[in-house]
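The next block is run-v3.txt, given as compact mmCIF, C-alpha atoms and all ligand atoms.
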# COMPACT_ATOMS: atom_id res chain seq x y z
CA MET A 34 -9.21 -19.23 -6.27
CA LYS A 35 -7.22 -16.39 -4.66
CA ASP A 36 -4.21 -15.30 -6.71
CA ALA A 37 -1.17 -13.66 -5.17
CA THR A 38 -2.21 -10.13 -6.17
CA ILE A 39 -2.67 -7.58 -3.43
CA TYR A 40 -5.78 -6.05 -4.93
CA PHE A 41 -6.24 -2.41 -3.91
CA ASP A 42 -8.50 -1.29 -6.76
CA ASN A 43 -11.90 -2.14 -5.33
CA ALA A 44 -13.35 1.08 -6.75
CA ALA A 45 -12.74 -0.25 -10.28
CA THR A 46 -14.36 -3.57 -9.51
CA THR A 47 -14.48 -6.05 -6.65
CA PRO A 48 -13.62 -9.73 -6.64
CA MET A 49 -16.80 -11.77 -6.52
CA ASP A 50 -17.63 -13.09 -3.06
CA ARG A 51 -17.56 -16.89 -3.03
CA ARG A 52 -21.01 -16.98 -1.44
CA VAL A 53 -22.29 -15.03 -4.45
CA ALA A 54 -20.67 -17.43 -6.91
CA ARG A 55 -22.24 -20.34 -5.01
CA ALA A 56 -25.70 -18.76 -5.17
CA MET A 57 -25.34 -18.20 -8.92
CA ARG A 58 -24.12 -21.68 -9.80
CA PRO A 59 -27.51 -23.47 -10.13
CA PHE A 60 -28.60 -20.79 -12.59
CA LEU A 61 -25.54 -21.34 -14.75
CA ASP A 62 -25.91 -25.09 -14.74
CA GLY A 63 -29.35 -26.63 -14.35
CA ILE A 64 -31.96 -23.92 -13.93
CA TYR A 65 -31.99 -22.42 -17.39
CA GLY A 66 -35.62 -21.37 -17.80
CA ASN A 67 -36.72 -18.03 -19.15
CA PRO A 68 -38.41 -16.14 -16.29
CA SER A 69 -41.27 -15.26 -18.64
CA SER A 70 -42.11 -18.94 -19.29
CA LEU A 71 -45.06 -20.45 -17.49
CA TYR A 72 -43.76 -24.00 -16.92
CA ARG A 73 -41.67 -25.11 -13.95
CA GLN A 74 -38.23 -24.13 -15.31
CA GLY A 75 -39.51 -20.64 -16.04
CA ARG A 76 -41.24 -20.34 -12.68
CA LEU A 77 -38.00 -21.28 -10.86
CA ALA A 78 -36.14 -18.58 -12.72
CA ARG A 79 -38.89 -16.02 -12.04
CA GLN A 80 -38.90 -16.85 -8.31
CA ALA A 81 -35.12 -16.36 -8.19
CA VAL A 82 -35.31 -12.99 -9.97
CA GLU A 83 -38.06 -11.78 -7.63
CA LYS A 84 -36.17 -12.94 -4.56
CA ALA A 85 -33.13 -10.96 -5.76
CA ARG A 86 -35.32 -7.92 -6.39
CA GLY A 87 -36.39 -8.07 -2.76
CA GLN A 88 -32.78 -8.40 -1.59
CA VAL A 89 -31.64 -5.36 -3.61
CA ALA A 90 -34.69 -3.38 -2.44
CA ALA A 91 -33.88 -4.25 1.20
CA LEU A 92 -30.39 -2.78 0.81
CA LEU A 93 -32.07 0.55 0.02
CA GLN A 94 -35.10 0.28 2.35
CA ALA A 95 -37.17 0.37 -0.82
CA ALA A 96 -40.09 -1.71 -2.12
CA SER A 97 -39.39 -4.59 -4.52
CA ASP A 98 -41.44 -3.02 -7.29
CA GLU A 99 -39.21 0.05 -7.17
CA ILE A 100 -36.21 -1.93 -8.51
CA ILE A 101 -35.58 -2.23 -12.28
CA PHE A 102 -32.75 -4.58 -13.21
CA THR A 103 -30.40 -3.38 -15.96
CA ALA A 104 -27.15 -4.63 -17.48
CA SER A 105 -24.94 -2.12 -15.63
CA GLY A 106 -24.73 0.95 -13.45
CA THR A 107 -24.09 2.91 -16.65
CA GLU A 108 -27.34 1.68 -18.17
CA ALA A 109 -29.26 2.51 -14.98
CA SER A 110 -28.10 6.14 -15.17
CA ASN A 111 -28.80 6.30 -18.90
CA LEU A 112 -32.32 5.05 -18.24
CA ALA A 113 -32.86 7.53 -15.41
CA LEU A 114 -31.71 10.60 -17.31
CA THR A 115 -32.74 9.81 -20.87
CA GLY A 116 -35.96 8.06 -19.89
CA LEU A 117 -37.03 11.10 -17.90
CA VAL A 118 -36.13 13.99 -20.15
CA GLU A 119 -36.59 12.58 -23.64
CA PRO A 120 -40.40 12.55 -23.45
CA MET A 121 -40.27 16.23 -22.40
CA ALA A 122 -38.46 17.36 -25.55
CA PRO A 123 -38.80 19.60 -27.50
CA GLY A 124 -39.96 21.76 -24.56
CA PRO A 125 -37.41 23.70 -22.49
CA VAL A 126 -35.66 21.23 -20.18
CA HIS A 127 -32.82 21.94 -17.77
CA ILE A 128 -30.72 19.41 -15.81
CA VAL A 129 -28.33 20.24 -12.98
CA THR A 130 -25.43 17.88 -12.48
CA SER A 131 -21.82 18.22 -11.32
CA ARG A 132 -18.42 18.40 -12.97
CA ILE A 133 -17.21 15.34 -11.06
CA GLU A 134 -19.75 12.76 -12.22
CA HIS A 135 -18.74 9.42 -13.69
CA PRO A 136 -18.98 9.34 -17.51
CA ALA A 137 -22.19 7.30 -17.13
CA VAL A 138 -23.93 10.54 -16.11
CA MET A 139 -21.55 13.04 -17.69
CA ALA A 140 -21.77 11.58 -21.21
CA THR A 141 -25.53 11.03 -20.95
CA CYS A 142 -25.94 14.71 -20.08
CA ALA A 143 -23.70 15.65 -23.00
CA ALA A 144 -25.84 13.54 -25.34
CA GLN A 145 -28.98 15.29 -24.07
CA GLU A 146 -27.27 18.65 -24.49
CA GLN A 147 -26.78 17.81 -28.17
CA ARG A 148 -30.54 17.38 -28.36
CA GLY A 149 -31.23 20.82 -26.92
CA VAL A 150 -31.43 20.13 -23.17
CA SER A 151 -29.69 22.81 -21.02
CA ILE A 152 -27.15 21.43 -18.59
CA THR A 153 -25.60 23.17 -15.57
CA ARG A 154 -22.49 21.44 -14.21
CA LEU A 155 -21.70 22.43 -10.64
CA PRO A 156 -18.03 22.75 -9.59
CA ALA A 157 -16.61 20.98 -6.56
CA SER A 158 -14.73 22.32 -3.54
CA PRO A 159 -10.98 21.54 -3.25
CA ASP A 160 -11.88 18.45 -1.23
CA GLY A 161 -14.45 17.27 -3.73
CA LEU A 162 -17.72 18.43 -2.20
CA ILE A 163 -20.66 19.88 -4.12
CA TYR A 164 -21.99 22.91 -2.25
CA PRO A 165 -25.75 22.80 -1.60
CA ALA A 166 -25.88 26.61 -2.04
CA ASP A 167 -24.56 26.18 -5.60
CA LEU A 168 -27.37 23.76 -6.33
CA ALA A 169 -30.00 26.12 -4.92
CA ALA A 170 -28.64 28.95 -7.06
CA ALA A 171 -28.59 26.82 -10.24
CA LEU A 172 -32.26 25.77 -10.16
CA ARG A 173 -34.53 27.36 -12.77
CA PRO A 174 -38.26 27.13 -13.52
CA THR A 175 -37.36 24.70 -16.36
CA THR A 176 -35.18 22.41 -14.19
CA LYS A 177 -36.63 18.89 -14.37
CA LEU A 178 -33.84 16.86 -12.80
CA VAL A 179 -30.83 17.09 -10.52
CA SER A 180 -28.28 14.27 -10.85
CA ILE A 181 -25.44 14.23 -8.32
CA MET A 182 -23.42 11.18 -7.36
CA ALA A 183 -23.51 9.81 -3.80
CA ALA A 184 -19.75 9.13 -3.69
CA ASN A 185 -17.02 10.04 -6.11
CA ASN A 186 -15.17 7.20 -7.80
CA ILE A 187 -11.79 8.98 -8.04
CA VAL A 188 -11.34 10.81 -4.74
CA GLY A 189 -13.95 8.98 -2.66
CA THR A 190 -15.63 12.10 -1.28
CA LEU A 191 -19.22 11.60 -0.14
CA GLN A 192 -21.77 14.14 -1.27
CA PRO A 193 -24.45 15.59 1.02
CA ILE A 194 -27.21 13.88 -0.97
CA ALA A 195 -29.78 14.23 1.83
CA GLU A 196 -29.47 18.00 1.67
CA LEU A 197 -29.09 18.16 -2.11
CA GLY A 198 -32.21 16.04 -2.54
CA ARG A 199 -34.18 18.23 -0.14
CA ILE A 200 -33.20 21.34 -2.09
CA ALA A 201 -34.29 19.74 -5.38
CA HIS A 202 -37.60 18.54 -3.90
CA SER A 203 -38.39 21.87 -2.29
CA ALA A 204 -38.25 23.36 -5.82
CA GLY A 205 -40.40 20.51 -7.18
CA VAL A 206 -37.46 18.96 -9.06
CA LEU A 207 -36.69 15.23 -9.24
CA PHE A 208 -33.39 13.97 -7.80
CA HIS A 209 -31.23 11.15 -9.19
CA THR A 210 -28.04 9.88 -7.61
CA ASP A 211 -25.38 7.61 -9.07
CA ALA A 212 -24.74 5.42 -6.03
CA VAL A 213 -22.57 2.88 -7.86
CA GLN A 214 -19.63 3.53 -5.49
CA ALA A 215 -21.74 4.05 -2.37
CA GLY A 216 -24.04 1.03 -2.78
CA GLY A 217 -23.31 -1.66 -0.23
CA LYS A 218 -20.72 0.52 1.53
CA LEU A 219 -22.91 3.19 3.07
CA PRO A 220 -26.40 2.99 4.51
CA LEU A 221 -28.81 4.36 1.89
CA ASP A 222 -32.29 4.64 3.37
CA LEU A 223 -34.62 5.69 0.59
CA LYS A 224 -37.51 6.02 3.02
CA SER A 225 -35.85 9.07 4.49
CA LEU A 226 -33.79 10.43 1.56
CA SER A 227 -35.31 12.79 -1.03
CA VAL A 228 -34.15 10.57 -3.87
CA ASP A 229 -36.41 9.59 -6.78
CA MET A 230 -33.93 7.51 -8.78
CA LEU A 231 -30.69 5.77 -7.78
CA SER A 232 -28.22 3.72 -9.82
CA LEU A 233 -26.41 0.64 -8.52
CA SER A 234 -23.96 -1.87 -10.01
CA ALA A 235 -23.45 -5.43 -8.75
CA HIS A 236 -19.73 -5.67 -9.54
CA LYS A 237 -18.85 -2.88 -7.11
CA LEU A 238 -20.31 -4.82 -4.19
CA TYR A 239 -18.70 -8.23 -4.68
CA GLY A 240 -21.32 -9.37 -7.19
CA PRO A 241 -20.99 -10.24 -10.89
CA LYS A 242 -20.20 -7.83 -13.72
CA GLY A 243 -22.88 -6.89 -16.22
CA VAL A 244 -25.78 -6.39 -13.78
CA GLY A 245 -27.09 -3.13 -12.41
CA ALA A 246 -30.30 -1.70 -11.05
CA LEU A 247 -32.23 1.51 -11.08
CA TYR A 248 -34.30 2.36 -8.03
CA LEU A 249 -37.35 4.21 -9.29
CA ARG A 250 -39.57 5.76 -6.64
CA LYS A 251 -43.26 4.80 -7.05
CA GLY A 252 -45.05 7.42 -9.11
CA THR A 253 -41.91 8.53 -11.02
CA ASN A 254 -42.58 8.13 -14.73
CA LEU A 255 -39.96 7.14 -17.24
CA LEU A 256 -40.01 5.97 -20.84
CA PRO A 257 -37.83 2.98 -21.73
CA ILE A 258 -34.62 3.41 -23.69
CA ILE A 259 -34.58 -0.26 -24.73
CA HIS A 260 -37.68 -1.53 -26.49
CA GLY A 261 -38.80 -5.12 -26.85
CA GLY A 262 -40.72 -7.77 -24.98
CA GLY A 263 -41.72 -5.59 -22.02
CA GLN A 264 -39.69 -7.16 -19.19
CA GLU A 265 -38.98 -5.13 -16.03
CA ARG A 266 -42.41 -3.46 -16.17
CA GLY A 267 -41.75 -2.39 -19.74
CA LEU A 268 -38.77 -0.28 -18.68
CA ARG A 269 -36.00 -2.68 -19.63
CA SER A 270 -36.92 -5.19 -22.29
CA ALA A 271 -34.70 -8.26 -22.76
CA THR A 272 -34.65 -11.69 -21.18
CA GLU A 273 -33.33 -11.24 -17.67
CA ASN A 274 -29.73 -12.20 -16.79
CA VAL A 275 -31.02 -14.65 -14.20
CA ALA A 276 -27.68 -15.86 -12.79
CA GLY A 277 -26.33 -12.31 -12.66
CA ILE A 278 -29.44 -10.99 -10.94
CA VAL A 279 -29.33 -13.84 -8.40
CA GLY A 280 -25.69 -12.92 -7.70
CA PHE A 281 -26.61 -9.27 -7.30
CA GLY A 282 -29.34 -10.16 -4.81
CA CYS A 283 -27.00 -12.34 -2.79
CA ALA A 284 -24.27 -9.65 -2.85
CA ALA A 285 -26.78 -7.03 -1.67
CA GLU A 286 -27.90 -9.22 1.22
CA ILE A 287 -24.30 -9.88 2.32
CA ALA A 288 -23.49 -6.16 2.06
CA ARG A 289 -26.47 -5.24 4.21
CA ALA A 290 -25.50 -7.73 6.88
CA SER A 291 -21.78 -6.94 6.95
CA MET A 292 -21.68 -3.20 6.22
CA ALA A 293 -21.24 -1.96 9.78
CA GLU A 294 -18.44 -4.38 10.65
CA GLU A 295 -16.70 -3.93 7.30
CA THR A 296 -16.76 -0.16 7.64
CA VAL A 297 -14.93 -0.31 10.97
CA LYS A 298 -12.22 -2.50 9.45
CA LEU A 299 -11.86 -0.43 6.27
CA VAL A 300 -11.71 2.89 8.09
CA ALA A 301 -8.94 1.55 10.35
CA LEU A 302 -6.90 0.36 7.33
CA GLN A 303 -7.59 3.60 5.47
CA ASP A 304 -6.45 5.66 8.47
CA ARG A 305 -3.25 3.67 8.65
CA LEU A 306 -2.57 4.47 4.98
CA ILE A 307 -3.39 8.16 5.44
CA GLU A 308 -1.24 8.38 8.56
CA CYS A 309 1.78 6.96 6.73
CA LEU A 310 1.30 8.51 3.31
CA CYS A 311 0.14 11.97 4.30
CA SER A 312 2.12 12.87 7.41
CA GLY A 313 4.98 14.62 5.61
CA GLN A 314 7.48 11.72 5.55
CA LEU A 315 6.82 11.16 1.86
CA PRO A 316 6.04 13.64 -0.93
CA THR A 317 2.44 12.44 -0.94
CA TYR A 318 -0.72 14.16 0.26
CA LEU A 319 -4.37 13.23 0.69
CA ILE A 320 -6.84 14.23 -2.01
CA GLY A 321 -10.53 14.44 -1.14
CA HIS A 322 -12.27 15.06 2.14
CA ARG A 323 -10.45 13.74 5.22
CA TYR A 324 -13.57 12.30 6.85
CA LYS A 325 -16.47 12.43 4.35
CA ARG A 326 -15.08 9.60 2.25
CA LEU A 327 -15.89 6.08 1.17
CA PRO A 328 -14.54 3.64 3.78
CA GLY A 329 -11.18 2.32 2.60
CA HIS A 330 -10.83 4.77 -0.29
CA VAL A 331 -7.58 6.77 -0.31
CA CYS A 332 -6.56 9.04 -3.18
CA ILE A 333 -3.10 10.54 -2.91
CA GLY A 334 -1.31 13.28 -4.79
CA LEU A 335 2.36 12.93 -5.70
CA ALA A 336 3.90 16.31 -4.93
CA GLY A 337 6.80 17.13 -7.23
CA MET A 338 6.67 13.72 -8.87
CA GLU A 339 3.39 14.02 -10.74
CA GLY A 340 4.94 12.58 -13.90
CA GLU A 341 5.78 9.37 -12.05
CA ALA A 342 2.21 8.17 -11.35
CA MET A 343 2.23 5.60 -14.14
CA HIS A 344 5.78 4.52 -13.29
CA LEU A 345 4.74 3.94 -9.67
CA LEU A 346 1.65 2.02 -10.72
CA LEU A 347 3.69 -0.25 -12.98
CA GLU A 348 6.38 -0.85 -10.35
CA LEU A 349 3.72 -1.78 -7.83
CA ASP A 350 2.13 -4.06 -10.42
CA ALA A 351 5.49 -5.74 -11.03
CA HIS A 352 5.43 -6.61 -7.31
CA GLY A 353 1.87 -7.93 -7.49
CA ILE A 354 0.07 -4.88 -6.11
CA ALA A 355 -2.87 -3.44 -8.07
CA VAL A 356 -3.74 0.23 -7.57
CA SER A 357 -5.16 2.75 -9.98
CA SER A 358 -3.81 6.00 -11.31
CA GLY A 359 -6.39 8.62 -10.37
CA SER A 360 -5.55 10.58 -13.49
CA ALA A 361 -5.81 7.71 -15.91
CA CYS A 362 -8.93 6.34 -14.32
CA SER A 363 -9.29 4.02 -17.25
CA SER A 364 -6.93 2.51 -19.75
CA HIS A 365 -8.88 4.37 -22.46
CA HIS A 366 -7.55 7.76 -21.31
CA VAL A 367 -4.09 6.91 -20.14
CA ASP A 368 -2.38 10.28 -19.99
CA ALA A 369 -5.26 12.67 -19.52
CA PRO A 370 -5.47 14.73 -16.31
CA SER A 371 -8.43 13.72 -14.16
CA GLU A 372 -11.55 15.78 -14.93
CA THR A 373 -12.54 15.34 -11.29
CA LEU A 374 -9.31 16.86 -10.02
CA LEU A 375 -9.53 19.71 -12.53
CA ALA A 376 -13.07 20.42 -11.30
CA MET A 377 -11.70 20.52 -7.74
CA GLY A 378 -9.32 23.30 -8.78
CA PHE A 379 -6.13 21.28 -9.39
CA ASP A 380 -3.90 22.54 -12.18
CA PRO A 381 -3.33 20.07 -15.07
CA VAL A 382 0.11 19.01 -13.77
CA ARG A 383 -1.18 18.12 -10.29
CA ALA A 384 -4.32 16.58 -11.82
CA ARG A 385 -2.09 14.05 -13.61
CA GLY A 386 -0.20 12.93 -10.55
CA SER A 387 -2.41 10.90 -8.28
CA LEU A 388 -2.92 7.31 -7.21
CA ARG A 389 -6.12 5.70 -5.98
CA ILE A 390 -5.90 2.98 -3.34
CA ALA A 391 -9.32 1.45 -2.82
CA LEU A 392 -9.42 -1.21 -0.13
CA GLY A 393 -12.16 -3.77 0.09
CA ARG A 394 -13.71 -6.69 1.96
CA PHE A 395 -10.85 -9.12 1.39
CA ASN A 396 -7.90 -6.86 2.21
CA THR A 397 -5.89 -7.31 5.38
CA ALA A 398 -3.68 -5.21 7.65
CA ASP A 399 -0.74 -7.33 6.52
CA GLU A 400 -1.34 -6.35 2.89
CA VAL A 401 -1.48 -2.68 3.86
CA GLU A 402 1.89 -2.98 5.64
CA LYS A 403 3.46 -4.76 2.63
CA PHE A 404 2.15 -2.02 0.37
CA LEU A 405 3.49 0.76 2.61
CA GLU A 406 6.93 -0.78 2.78
CA LEU A 407 7.19 -1.24 -0.97
CA PHE A 408 5.59 2.10 -1.81
CA THR A 409 8.06 3.95 0.43
CA LYS A 410 10.99 2.19 -1.22
CA ILE A 411 9.77 2.96 -4.75
CA VAL A 412 9.02 6.61 -3.97
CA ARG A 413 12.46 7.11 -2.39
CA LYS A 414 14.04 5.52 -5.46
CA LEU A 415 12.01 7.54 -7.96
CA ARG A 416 12.09 10.86 -6.19
CA PRO A 417 15.69 11.87 -7.02
CA ILE A 418 15.12 10.87 -10.67
CA SER A 419 11.89 12.82 -10.68
CA SER A 420 13.42 15.98 -9.16
CA ARG A 421 16.37 15.72 -11.59
CA SER A 422 14.02 15.50 -14.56
CA GLN A 423 12.01 18.44 -13.23
CA GLU A 424 15.22 20.44 -12.83
CA THR A 425 16.20 19.58 -16.42
CA THR A 426 12.78 20.74 -17.66
CA LYS A 427 13.11 23.98 -15.67
CA CYS A 428 16.63 24.58 -17.09
CA ARG A 429 15.43 23.92 -20.63
CA GLU A 430 12.56 26.35 -20.12
CA LYS A 431 14.97 28.99 -18.77
CA ARG A 432 17.32 28.52 -21.74
CA LYS A 433 14.39 28.92 -24.14
CA LYS A 434 13.58 32.27 -22.51
N1 LIG A 501 -20.84 5.29 -11.74
C1 LIG A 501 -19.75 5.28 -10.95
C2 LIG A 501 -19.61 6.29 -9.86
C3 LIG A 501 -18.75 4.32 -11.14
O1 LIG A 501 -17.66 4.31 -10.37
C4 LIG A 501 -18.92 3.36 -12.19
C5 LIG A 501 -17.87 2.37 -12.48
O2 LIG A 501 -16.69 2.63 -12.30
C6 LIG A 501 -20.08 3.42 -12.96
C7 LIG A 501 -21.02 4.39 -12.71
C8 LIG A 501 -20.32 2.44 -14.07
O3 LIG A 501 -20.84 1.23 -13.58
P1 LIG A 501 -20.86 -0.05 -14.55
O4 LIG A 501 -19.46 -0.51 -14.67
O5 LIG A 501 -21.75 -1.05 -13.88
O6 LIG A 501 -21.45 0.41 -15.83
Could you write out this file's structure as structure tokens?
Amino acid sequence: MKDATIYFDNAATTPMDRRVARAMRPFLDGIYGNPSSLYRQGRLARQAVEKARGQVAALLQAASDEIIFTASGTEASNLALTGLVEPMAPGPVHIVTSRIEHPAVMATCAAQEQRGVSITRLPASPDGLIYPADLAAALRPTTKLVSIMAANNIVGTLQPIAELGRIAHSAGVLFHTDAVQAGGKLPLDLKSLSVDMLSLSAHKLYGPKGVGALYLRKGTNLLPIIHGGGQERGLRSATENVAGIVGFGCAAEIARASMAEETVKLVALQDRLIECLCSGQLPTYLIGHRYKRLPGHVCIGLAGMEGEAMHLLLELDAHGIAVSSGSACSSHHVDAPSETLLAMGFDPVRARGSLRIALGRFNTADEVEKFLELFTKIVRKLRPISSRSQETTKCREKRKK
């Protein structure tokens, strides 16, 4: 059922594709076997899980036995990082990551740091790129892992993971990438990339929530972080989420088939947004790289009206349009400046004033036009209020002096 919302927050999650829901249905109602059981019900479930494993592997040009299903993208990254370095402790272990990672990687690194692992966090350029030269300079004899995301979830900038992976490998260091945003939107050919581990999440590619996967290159050794009955080659114990995994497989297959066509459509819609929002007519500017970005992902700064980001978001919501505040990337940290923008060199005021518009498969040109019309009206209405309140603040500050 499609509601009336114009949903422009596809980087937070995507609506499930109807074809995915259809593929899952028999496993929610009828085929209930445990994939580890030997009788027919169990065998049906096992076949479905293995088919999905092949579909997810095909999205990455990987082999089926290189895919470990998890309960989320977050868990996949936890498994990659913790499962690799924990067995190495208490020896000297160093990880290189970036300052713009999603908390799935950032917080896992922080937890390892508490346990004595050294972490280097690379900064980003003003348009959100990690410089390969910074990575090369950060590597040490004790570096065991580099973890850098394929695409940033706030600003949408794509990282040069081919080059970053090559640099890590040429120093004999393993390379992990959080590809939760990139998966299904960009071609990721693991035959040619120097990537040993890669995290994916089904709900970012029109699949169900609560299912993820870790690609683990053959010969890369990890210890599990969840212990139990030995499912997923002993790396992720627990009875498999059969319906969710089936949905993930179906979503991966659709993404593989439709990626090229979808990219053309999303880039055209994204360019229309950038042309209108960042051409000087409005006090808004593009954040992130102009071209090296996720298709359909537009992050904009609100010049001189940074304090109005939440106001704008709520006004848009009142008109049925869902976008995200780049600063408050989650409702758990509502007024905090974005760590990603701070790492890109924004000052805390500018790092609070951004909006993320993430288009997806089901968005249309008509929706983009409706958004632009409404957004322009709201900004023109808010701007005088915003400049008055900034003037008042400036006056108060002057009087204090
Ligand atoms: N990594 C990135 C880059 C993300 O954008 C997200 C979700 O927003 C995650 C990881 C977490 O994925 P999940 O919600 O499946 O745990």
* At what distance in Å, to one decimal, does atom CA of Ser151 of chain A lie from atom CA of Leu191 of chain A? -> 25.9 Å
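Atom pair atom CA of Phe208 of chain A / atom CA of Val179 of chain A has a distance of 4.9 Å (rounded to one decimal).
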* To do: Residues within 7 Å of ligand LIG 501 (chain A), counting all atoms listed in the file: report them as a count of residues only.
  => 24
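By all atoms listed in the file, and with residues fewer than 4 positions from segment 397-409 of chain A along its chain excluded, the set lying at most 7 Å from it is Ile39, Leu302 and Arg413 of chain A.
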Contact residues around His352 of chain A with only C-alpha atoms at 9 Å, ignoring same-chain residues under 4 positions, as a PDB file with C-alpha atoms, keeping the file's coordinate frame:
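Generated output (around15.pdb):
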ATOM      1  CA  THR A  38      -2.210 -10.130  -6.170  1.00  0.00           C
ATOM      2  CA  LEU A 347       3.690  -0.250 -12.980  1.00  0.00           C
ATOM      3  CA  GLU A 348       6.380  -0.850 -10.350  1.00  0.00           C
ATOM      4  CA  LEU A 407       7.190  -1.240  -0.970  1.00  0.00           C
TER       5      LEU A 407
END
* **Expected answer as a list in words: all residues with atoms within 6 Å of (-37.2, 2.3, -0.5), all atoms listed in the file** =>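 Output: Leu93, Gln94, Ala95, Ala96, Leu223 and Lys224 of chain A.
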* Could you state the separation of atom CA of Asp304 of chain A and atom CA of Pro156 of chain A in Å, given to one decimal place? ->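 So the two atoms, atom CA of Asp304 of chain A and atom CA of Pro156 of chain A, lie 27.4 Å apart.
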* Nearby residues (all atoms listed in the file) at most 7 Å from Val206 of chain A, same-chain spacing under 6 positions excluded, as an MDAnalysis selection string -> chainID A and resid 176:178
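Distance check against Met343 of chain A using only C-alpha atoms: of A:Pro370, A:Gly329, A:Pro220, A:Gly386, the minimum falls on A:Gly386.
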* Asked: Could you name the residues that touch Ile128 of chain A at 10 Å or less, counting only C-alpha atoms, but leaving out those on the same chain fewer than 4 positions away, as JSON, numbers by chain?
  -> {"A": [114, 118, 142, 145, 146, 150, 151, 152, 153, 154, 171, 172, 173, 175, 176, 177, 178, 179, 180, 206, 207]}
* Closest to Glu372 of chain A among A:Ile390, A:Pro136, A:Asp62, A:Asp98, using all atoms listed in the file? ->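 With all atoms listed in the file as the atom set, the closest residue is A:Pro136.
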* To do: List the neighbours of Val188 of chain A out to 6 Å using only C-alpha atoms; skip same-chain residues closer than 2 positions along the sequence, and give me the result as a list in words.
  => Asn185, Thr190, Gly321 and Cys332 of chain A
Residues from last step as file, C-alpha atoms, as a PDB file, in the frame of the given file:
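That gives us part_8.pdb:
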ATOM      1  CA  ASN A 185     -17.020  10.040  -6.110  1.00  0.00           C
ATOM      2  CA  THR A 190     -15.630  12.100  -1.280  1.00  0.00           C
ATOM      3  CA  GLY A 321     -10.530  14.440  -1.140  1.00  0.00           C
ATOM      4  CA  CYS A 332      -6.560   9.040  -3.180  1.00  0.00           C
TER       5      CYS A 332
END
* So which residues are close to (-17.9, -6.4, -10.4), meaning at most 7 Å away in the file's coordinates with all atoms listed in the file counted, and can you show them as a PyMOL selection string? -> chain A and resi 46-49+235-242
* Which of A:Ala369, A:Pro123, A:Ile101, A:Ile181 sits closest to Leu168 of chain A [using all atoms listed in the file] -> A:Ile181
* Which of these residues is nearest to Leu388 of chain A, using all atoms listed in the file: A:Met338, A:Ile333, A:Leu374, A:Lys325? ->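 Closest to Leu388 of chain A of all the choices is A:Ile333.
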